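Undergrad: So I've got this file, target_11.tsv, and it contains TSV, C-alpha atoms and all ligand atoms:
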```tsv
chain	number	residue	atom	x	y	z
A	23	MET	CA	17.69	8.38	9.14
A	24	LYS	CA	13.97	7.57	9.30
A	25	ARG	CA	12.95	4.15	8.02
A	26	VAL	CA	9.87	3.57	5.88
A	27	LEU	CA	8.23	0.31	4.88
A	28	VAL	CA	6.52	0.66	1.50
A	29	ALA	CA	3.89	-2.00	0.79
A	30	GLY	CA	2.66	-1.91	-2.80
A	31	ALA	CA	6.09	-0.79	-4.05
A	32	THR	CA	5.82	-2.72	-7.32
A	33	GLY	CA	2.56	-0.97	-8.21
A	34	TYR	CA	1.99	2.23	-10.15
A	35	LEU	CA	1.77	4.64	-7.22
A	36	GLY	CA	4.20	2.68	-5.02
A	37	ARG	CA	7.08	3.05	-7.45
A	38	TYR	CA	6.76	6.84	-7.57
A	39	VAL	CA	6.48	6.95	-3.78
A	40	VAL	CA	9.69	4.91	-3.42
A	41	LYS	CA	11.49	7.28	-5.80
A	42	GLU	CA	10.31	10.37	-3.92
A	43	LEU	CA	11.11	8.95	-0.47
A	44	LYS	CA	14.60	8.05	-1.65
A	45	LYS	CA	15.09	11.58	-2.95
A	46	GLN	CA	14.08	12.88	0.49
A	47	GLY	CA	16.68	10.70	2.25
A	48	PHE	CA	14.63	7.94	3.84
A	49	TYR	CA	15.82	4.36	4.41
A	50	ILE	CA	13.46	2.30	2.26
A	51	LYS	CA	12.32	-1.22	3.00
A	52	ILE	CA	9.73	-2.68	0.67
A	53	LEU	CA	7.28	-5.53	1.02
A	54	VAL	CA	6.82	-7.35	-2.29
A	55	ARG	CA	5.61	-10.66	-3.62
A	56	ASN	CA	7.90	-10.76	-6.64
A	57	PRO	CA	11.32	-9.07	-6.38
A	58	ASP	CA	11.96	-9.62	-10.12
A	59	LYS	CA	9.64	-6.66	-10.75
A	60	LEU	CA	12.01	-4.20	-9.07
A	61	ASN	CA	14.25	-3.88	-12.09
A	62	GLN	CA	11.45	-3.95	-14.64
A	63	THR	CA	9.45	-1.03	-16.00
A	64	GLY	CA	5.78	-1.20	-15.01
A	65	ASP	CA	2.80	-1.78	-17.29
A	66	PHE	CA	2.17	1.98	-17.53
A	67	LEU	CA	5.85	2.93	-17.95
A	68	GLU	CA	6.30	3.57	-14.24
A	69	PRO	CA	10.01	3.31	-13.43
A	70	PRO	CA	12.10	0.42	-12.07
A	71	ILE	CA	13.02	0.93	-8.39
A	72	GLY	CA	15.80	-1.61	-7.80
A	73	GLU	CA	18.44	1.07	-7.22
A	74	ASP	CA	16.29	3.04	-4.77
A	75	VAL	CA	15.58	0.27	-2.29
A	76	ASP	CA	17.66	-0.47	0.82
A	77	GLU	CA	15.95	-3.68	1.96
A	78	VAL	CA	13.49	-6.13	0.46
A	79	ALA	CA	11.02	-8.27	2.43
A	80	ILE	CA	9.15	-10.95	0.52
A	81	GLY	CA	5.57	-11.38	1.68
A	82	ASP	CA	1.91	-11.46	0.80
A	83	ILE	CA	-0.35	-9.33	2.95
A	84	THR	CA	-3.12	-11.93	2.76
A	85	LYS	CA	-0.77	-14.41	4.49
A	86	PRO	CA	-0.03	-13.14	8.00
A	87	ASN	CA	2.72	-15.70	8.58
A	88	THR	CA	4.76	-14.03	5.77
A	89	LEU	CA	4.53	-10.64	7.53
A	90	LYS	CA	5.92	-11.51	10.95
A	91	HIS	CA	8.23	-8.74	12.27
A	92	VAL	CA	8.23	-6.97	8.88
A	93	CYS	CA	7.65	-3.65	10.69
A	94	ASP	CA	10.35	-4.10	13.34
A	95	ASN	CA	12.62	-1.02	13.49
A	96	ILE	CA	10.38	0.81	11.03
A	97	ASP	CA	9.23	4.39	11.72
A	98	TYR	CA	6.56	4.78	9.04
A	99	VAL	CA	4.46	2.30	7.08
A	100	PHE	CA	2.99	3.28	3.71
A	101	SER	CA	0.43	0.99	2.06
A	102	SER	CA	-0.90	1.32	-1.46
A	103	VAL	CA	-1.69	-2.39	-1.57
A	104	GLY	CA	-4.97	-3.21	-3.21
A	105	ILE	CA	-6.52	-4.99	-6.12
A	106	THR	CA	-6.64	-2.42	-8.84
A	107	ARG	CA	-6.40	-4.59	-11.93
A	108	LYS	CA	-5.23	-8.21	-11.43
A	109	SER	CA	-7.14	-10.08	-8.74
A	110	ASN	CA	-5.67	-13.59	-9.20
A	111	GLY	CA	-8.74	-15.09	-7.57
A	112	MET	CA	-8.55	-12.77	-4.54
A	113	THR	CA	-11.40	-10.51	-3.47
A	114	PHE	CA	-11.31	-6.86	-2.34
A	115	GLU	CA	-12.26	-8.21	1.07
A	116	ASP	CA	-9.18	-10.50	1.07
A	117	VAL	CA	-6.66	-7.88	-0.03
A	118	ASP	CA	-7.88	-4.30	0.38
A	119	TYR	CA	-9.54	-5.02	3.72
A	120	GLN	CA	-8.09	-8.09	5.44
A	121	GLY	CA	-4.61	-7.82	3.91
A	122	ASN	CA	-4.21	-4.25	5.15
A	123	VAL	CA	-5.60	-5.26	8.55
A	124	ASN	CA	-2.88	-7.94	8.73
A	125	LEU	CA	-0.21	-5.35	7.94
A	126	LEU	CA	-1.67	-2.90	10.44
A	127	LYS	CA	-1.46	-5.55	13.18
A	128	GLU	CA	2.25	-5.91	12.47
A	129	ALA	CA	2.63	-2.14	12.55
A	130	GLU	CA	0.87	-2.04	15.93
A	131	ASN	CA	3.03	-4.84	17.33
A	132	SER	CA	6.19	-3.01	16.23
A	133	HIS	CA	4.95	0.37	17.56
A	134	VAL	CA	5.50	2.26	14.31
A	135	ALA	CA	5.06	6.03	14.53
A	136	LYS	CA	2.67	6.36	11.60
A	137	PHE	CA	0.68	4.31	9.07
A	138	MET	CA	-0.17	5.99	5.79
A	139	TYR	CA	-2.94	4.40	3.72
A	140	ILE	CA	-4.09	5.11	0.19
A	141	HIS	CA	-7.87	5.22	0.21
A	142	VAL	CA	-9.91	6.64	-2.67
A	143	CYS	CA	-11.67	9.92	-3.31
A	144	ILE	CA	-15.33	9.38	-2.40
A	145	ASN	CA	-18.19	11.42	-1.15
A	146	ASP	CA	-19.23	10.05	2.26
A	147	ASP	CA	-22.89	10.64	1.31
A	148	TRP	CA	-22.75	8.08	-1.49
A	149	LYS	CA	-25.28	5.33	-0.78
A	150	LYS	CA	-24.10	2.79	-3.35
A	151	THR	CA	-20.36	2.30	-3.62
A	152	GLY	CA	-19.60	-1.33	-4.53
A	153	PRO	CA	-17.31	-3.95	-3.00
A	154	LEU	CA	-13.96	-2.22	-3.63
A	155	ILE	CA	-14.87	1.01	-1.89
A	156	GLU	CA	-16.72	-0.88	0.86
A	157	ALA	CA	-13.58	-2.95	1.59
A	158	LYS	CA	-11.39	0.17	1.63
A	159	LYS	CA	-13.86	2.05	3.86
A	160	ARG	CA	-13.91	-0.85	6.32
A	161	PHE	CA	-10.12	-0.82	6.51
A	162	VAL	CA	-10.15	2.94	7.10
A	163	ASP	CA	-12.56	2.37	10.02
A	164	VAL	CA	-10.13	-0.16	11.55
A	165	LEU	CA	-7.15	2.15	10.98
A	166	THR	CA	-8.97	5.12	12.48
A	167	ALA	CA	-9.87	3.11	15.58
A	168	SER	CA	-6.37	1.69	16.03
A	169	ASN	CA	-3.67	2.99	18.36
A	170	VAL	CA	-1.40	3.84	15.45
A	171	ASP	CA	-1.17	7.45	14.33
A	172	HIS	CA	-2.21	7.54	10.69
A	173	ILE	CA	-2.63	9.51	7.48
A	174	ILE	CA	-5.38	8.59	5.03
A	175	ILE	CA	-4.98	9.86	1.49
A	176	ARG	CA	-8.01	9.99	-0.80
A	177	PRO	CA	-6.73	10.36	-4.34
A	178	THR	CA	-8.68	10.72	-7.54
A	179	GLY	CA	-7.68	8.63	-10.61
A	180	TYR	CA	-4.03	8.15	-11.61
A	181	PHE	CA	-2.75	8.36	-15.16
A	182	SER	CA	-2.51	4.52	-15.17
A	183	ASP	CA	-6.28	4.09	-14.80
A	184	LEU	CA	-7.00	6.97	-17.16
A	185	THR	CA	-4.90	5.33	-19.86
A	186	SER	CA	-7.78	3.00	-20.73
A	187	PHE	CA	-10.10	5.94	-21.32
B	201	LIG	N1	-5.32	3.67	-9.87
B	201	LIG	C1	-6.08	4.70	-9.55
B	201	LIG	O1	-6.48	5.52	-10.37
B	201	LIG	C2	-6.47	4.87	-8.09
B	201	LIG	C3	-7.28	5.93	-7.69
B	201	LIG	C4	-7.58	6.10	-6.34
B	201	LIG	C5	-7.08	5.21	-5.41
B	201	LIG	N2	-6.33	4.16	-5.81
B	201	LIG	C6	-5.80	3.24	-4.81
B	201	LIG	O2	-4.39	3.42	-4.77
B	201	LIG	C7	-3.76	2.20	-4.45
B	201	LIG	C8	-2.64	1.92	-5.43
B	201	LIG	O3	-3.13	1.91	-6.76
B	201	LIG	P1	-2.16	1.51	-7.96
B	201	LIG	O4	-2.80	1.98	-9.21
B	201	LIG	O5	-0.77	1.91	-7.63
B	201	LIG	O6	-2.32	-0.09	-7.89
B	201	LIG	P2	-1.41	-1.21	-8.56
B	201	LIG	O7	-0.50	-0.63	-9.60
B	201	LIG	O8	-2.29	-2.35	-8.95
B	201	LIG	O9	-0.48	-1.68	-7.33
B	201	LIG	C9	-0.99	-2.49	-6.30
B	201	LIG	C10	0.15	-2.99	-5.47
B	201	LIG	O10	-0.38	-3.87	-4.47
B	201	LIG	C11	0.39	-5.05	-4.46
B	201	LIG	N3	-0.38	-6.20	-3.99
B	201	LIG	C12	-1.57	-6.64	-4.45
B	201	LIG	N4	-1.96	-7.73	-3.76
B	201	LIG	C13	-0.97	-7.96	-2.84
B	201	LIG	C14	-0.77	-8.93	-1.85
B	201	LIG	N5	-1.67	-9.91	-1.64
B	201	LIG	N6	0.35	-8.87	-1.06
B	201	LIG	C15	1.27	-7.89	-1.26
B	201	LIG	N7	1.15	-6.94	-2.21
B	201	LIG	C16	0.04	-6.99	-2.99
B	201	LIG	C17	0.80	-5.25	-5.92
B	201	LIG	O11	1.87	-6.17	-5.96
B	201	LIG	P3	2.20	-7.04	-7.29
B	201	LIG	O12	3.08	-6.15	-8.12
B	201	LIG	O13	2.90	-8.24	-6.75
B	201	LIG	O14	0.89	-7.36	-7.95
B	201	LIG	C18	1.18	-3.81	-6.26
B	201	LIG	O15	2.48	-3.52	-5.78
B	201	LIG	C19	-4.86	1.12	-4.43
B	201	LIG	O16	-5.20	0.85	-3.09
B	201	LIG	C20	-6.02	1.78	-5.15
B	201	LIG	O17	-7.27	1.34	-4.66
B	201	LIG	C21	-6.01	3.98	-7.13
```
When written as structure tokens, how does the structure in this file appear?

TA:
Amino acid sequence: MKRVLVAGATGYLGRYVVKELKKQGFYIKILVRNPDKLNQTGDFLEPPIGEDVDEVAIGDITKPNTLKHVCDNIDYVFSSVGITRKSNGMTFEDVDYQGNVNLLKEAENSHVAKFMYIHVCINDDWKKTGPLIEAKKRFVDVLTASNVDHIIIRPTGYFSDLTSF
């Protein structure tokens, strides 16, 4: 059975990814800050995931000492970690860029087979993008240059973000 680490599992996209991976028969380890959220419905009615998870690691991707060995014995890492709504004093640079770099280093150390990252749908010709997209683009550059095989997904808006419209 292939083993996946899902970082961002308590978020909107992460919960649906956990559900789908479980359906497809993967062993699911998640990296979360607050395990109480697993059995709660999300802010946009995304489902609880407590029953779908095989292993829980508590950690914060901006704190590398909480990530040590989190990718050991993991085949695939999926990260949808980012600041979408609540920043809690953190910047895009802290979380979307440096946090994902910290997780990637762990993935490299543990020789995972693949790192999947959720980027954003942008046109590479755009001159002005803002700090969120800049931070995500910088992480994509690091991921692309790393030794880890990777998949970069560039989604458009989710129903969660479109709710406010
Ligand atoms: N929403 C959209 O329409 C959209 C469109 C295109 C791309 N994206 C990208 O897709 C990704 C996921 O979006 P989403 O809407 O699912 O976001 P979300 O609901 O805000 O989920 C973000 C996840 O990241 C986690 N996280 C944040 N800071 C963390 C930290 N320091 N350490 C560990 N985990 C941390 C959150 O954990 P907590 O539950 O503990 O806060 C949550 O699980 C983001 O990278 C976003 O840029 C989103």

Undergrad: Closest to ligand LIG 201 (chain B) among A:Asp146, A:Asp163, A:Asp58, A:Asp74, using only C-alpha atoms and all ligand atoms?

TA: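 Checking each candidate against ligand LIG 201 (chain B), we get A:Asp58 as the closest.
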
Undergrad: Sort by chain and increasing residue number a table of all residues of chain A within 6 Å of ligand LIG 201 (chain B), each with its closest pair of atoms and their distance in Å to one decimal, counting only C-alpha atoms and all ligand atoms, and write it as JSON lines.

TA:
```
{"residue": "A:Gly30", "atom": "CA", "partner": "B:LIG201", "partner_atom": "O15", "distance": 3.4}
{"residue": "A:Ala31", "atom": "CA", "partner": "B:LIG201", "partner_atom": "O15", "distance": 4.8}
{"residue": "A:Thr32", "atom": "CA", "partner": "B:LIG201", "partner_atom": "O15", "distance": 3.8}
{"residue": "A:Gly33", "atom": "CA", "partner": "B:LIG201", "partner_atom": "O9", "distance": 3.2}
{"residue": "A:Tyr34", "atom": "CA", "partner": "B:LIG201", "partner_atom": "O5", "distance": 3.8}
{"residue": "A:Leu35", "atom": "CA", "partner": "B:LIG201", "partner_atom": "O5", "distance": 3.8}
{"residue": "A:Gly36", "atom": "CA", "partner": "B:LIG201", "partner_atom": "O5", "distance": 5.7}
{"residue": "A:Val54", "atom": "CA", "partner": "B:LIG201", "partner_atom": "C15", "distance": 5.7}
{"residue": "A:Arg55", "atom": "CA", "partner": "B:LIG201", "partner_atom": "O13", "distance": 4.8}
{"residue": "A:Asn56", "atom": "CA", "partner": "B:LIG201", "partner_atom": "O13", "distance": 5.6}
{"residue": "A:Asp82", "atom": "CA", "partner": "B:LIG201", "partner_atom": "N6", "distance": 3.5}
{"residue": "A:Ile83", "atom": "CA", "partner": "B:LIG201", "partner_atom": "N6", "distance": 4.1}
{"residue": "A:Thr84", "atom": "CA", "partner": "B:LIG201", "partner_atom": "N5", "distance": 5.1}
{"residue": "A:Ser102", "atom": "CA", "partner": "B:LIG201", "partner_atom": "C7", "distance": 4.2}
{"residue": "A:Val103", "atom": "CA", "partner": "B:LIG201", "partner_atom": "O10", "distance": 3.5}
{"residue": "A:Gly104", "atom": "CA", "partner": "B:LIG201", "partner_atom": "O16", "distance": 4.1}
{"residue": "A:Ile105", "atom": "CA", "partner": "B:LIG201", "partner_atom": "C12", "distance": 5.5}
{"residue": "A:Thr106", "atom": "CA", "partner": "B:LIG201", "partner_atom": "O8", "distance": 4.4}
{"residue": "A:Arg107", "atom": "CA", "partner": "B:LIG201", "partner_atom": "O8", "distance": 5.5}
{"residue": "A:Val117", "atom": "CA", "partner": "B:LIG201", "partner_atom": "N5", "distance": 5.6}
{"residue": "A:Ile140", "atom": "CA", "partner": "B:LIG201", "partner_atom": "O2", "distance": 5.2}
{"residue": "A:His141", "atom": "CA", "partner": "B:LIG201", "partner_atom": "C5", "distance": 5.7}
{"residue": "A:Val142", "atom": "CA", "partner": "B:LIG201", "partner_atom": "C5", "distance": 4.2}
{"residue": "A:Pro177", "atom": "CA", "partner": "B:LIG201", "partner_atom": "C4", "distance": 4.8}
{"residue": "A:Thr178", "atom": "CA", "partner": "B:LIG201", "partner_atom": "C4", "distance": 4.9}
{"residue": "A:Gly179", "atom": "CA", "partner": "B:LIG201", "partner_atom": "O1", "distance": 3.3}
{"residue": "A:Tyr180", "atom": "CA", "partner": "B:LIG201", "partner_atom": "O1", "distance": 3.8}
{"residue": "A:Asp183", "atom": "CA", "partner": "B:LIG201", "partner_atom": "O1", "distance": 4.7}
```

Undergrad: Kindly indicate which residue among A:Gln62, A:Asn95, A:Gln46, A:Thr88 lies nearest to Arg25 of chain A, using all atoms listed in the file for the distances.

TA: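 The shortest atom-to-atom distance to Arg25 of chain A comes from A:Asn95.
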
Undergrad: Please return, as a list in words, all polymer residues that have at least one atom within 6 Å of the point (5.3, 0.2, 2.2); use only C-alpha atoms and the file's own coordinate frame.

TA: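 Those residues, ordered by chain and then number, are Leu27, Val28, Ala29, Ile52, Val99, Phe100 and Ser101 of chain A.
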
Undergrad: Which residues, written as an MDAnalysis selection string, have at least one atom at most 12 Å from Ile144 of chain A, with all atoms listed in the file counted and residues fewer than 3 positions away on the same chain left out?

TA: chainID A and resid 141 147:152 154:156 158:159 175:179

Undergrad: Please measure the separation of atom CA of Gly47 of chain A and atom CA of Ala135 of chain A, giving the value in Å to one decimal.

TA: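 Atom-to-atom, atom CA of Gly47 of chain A to atom CA of Ala135 of chain A, that is 17.5 Å.
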
Undergrad: Give the answer as one residue: which of A:Arg160, A:Lys85, A:Lys59, A:Lys51 has the shortest atom-to-atom distance to Tyr98 of chain A, using all atoms listed in the file?

TA: A:Lys51
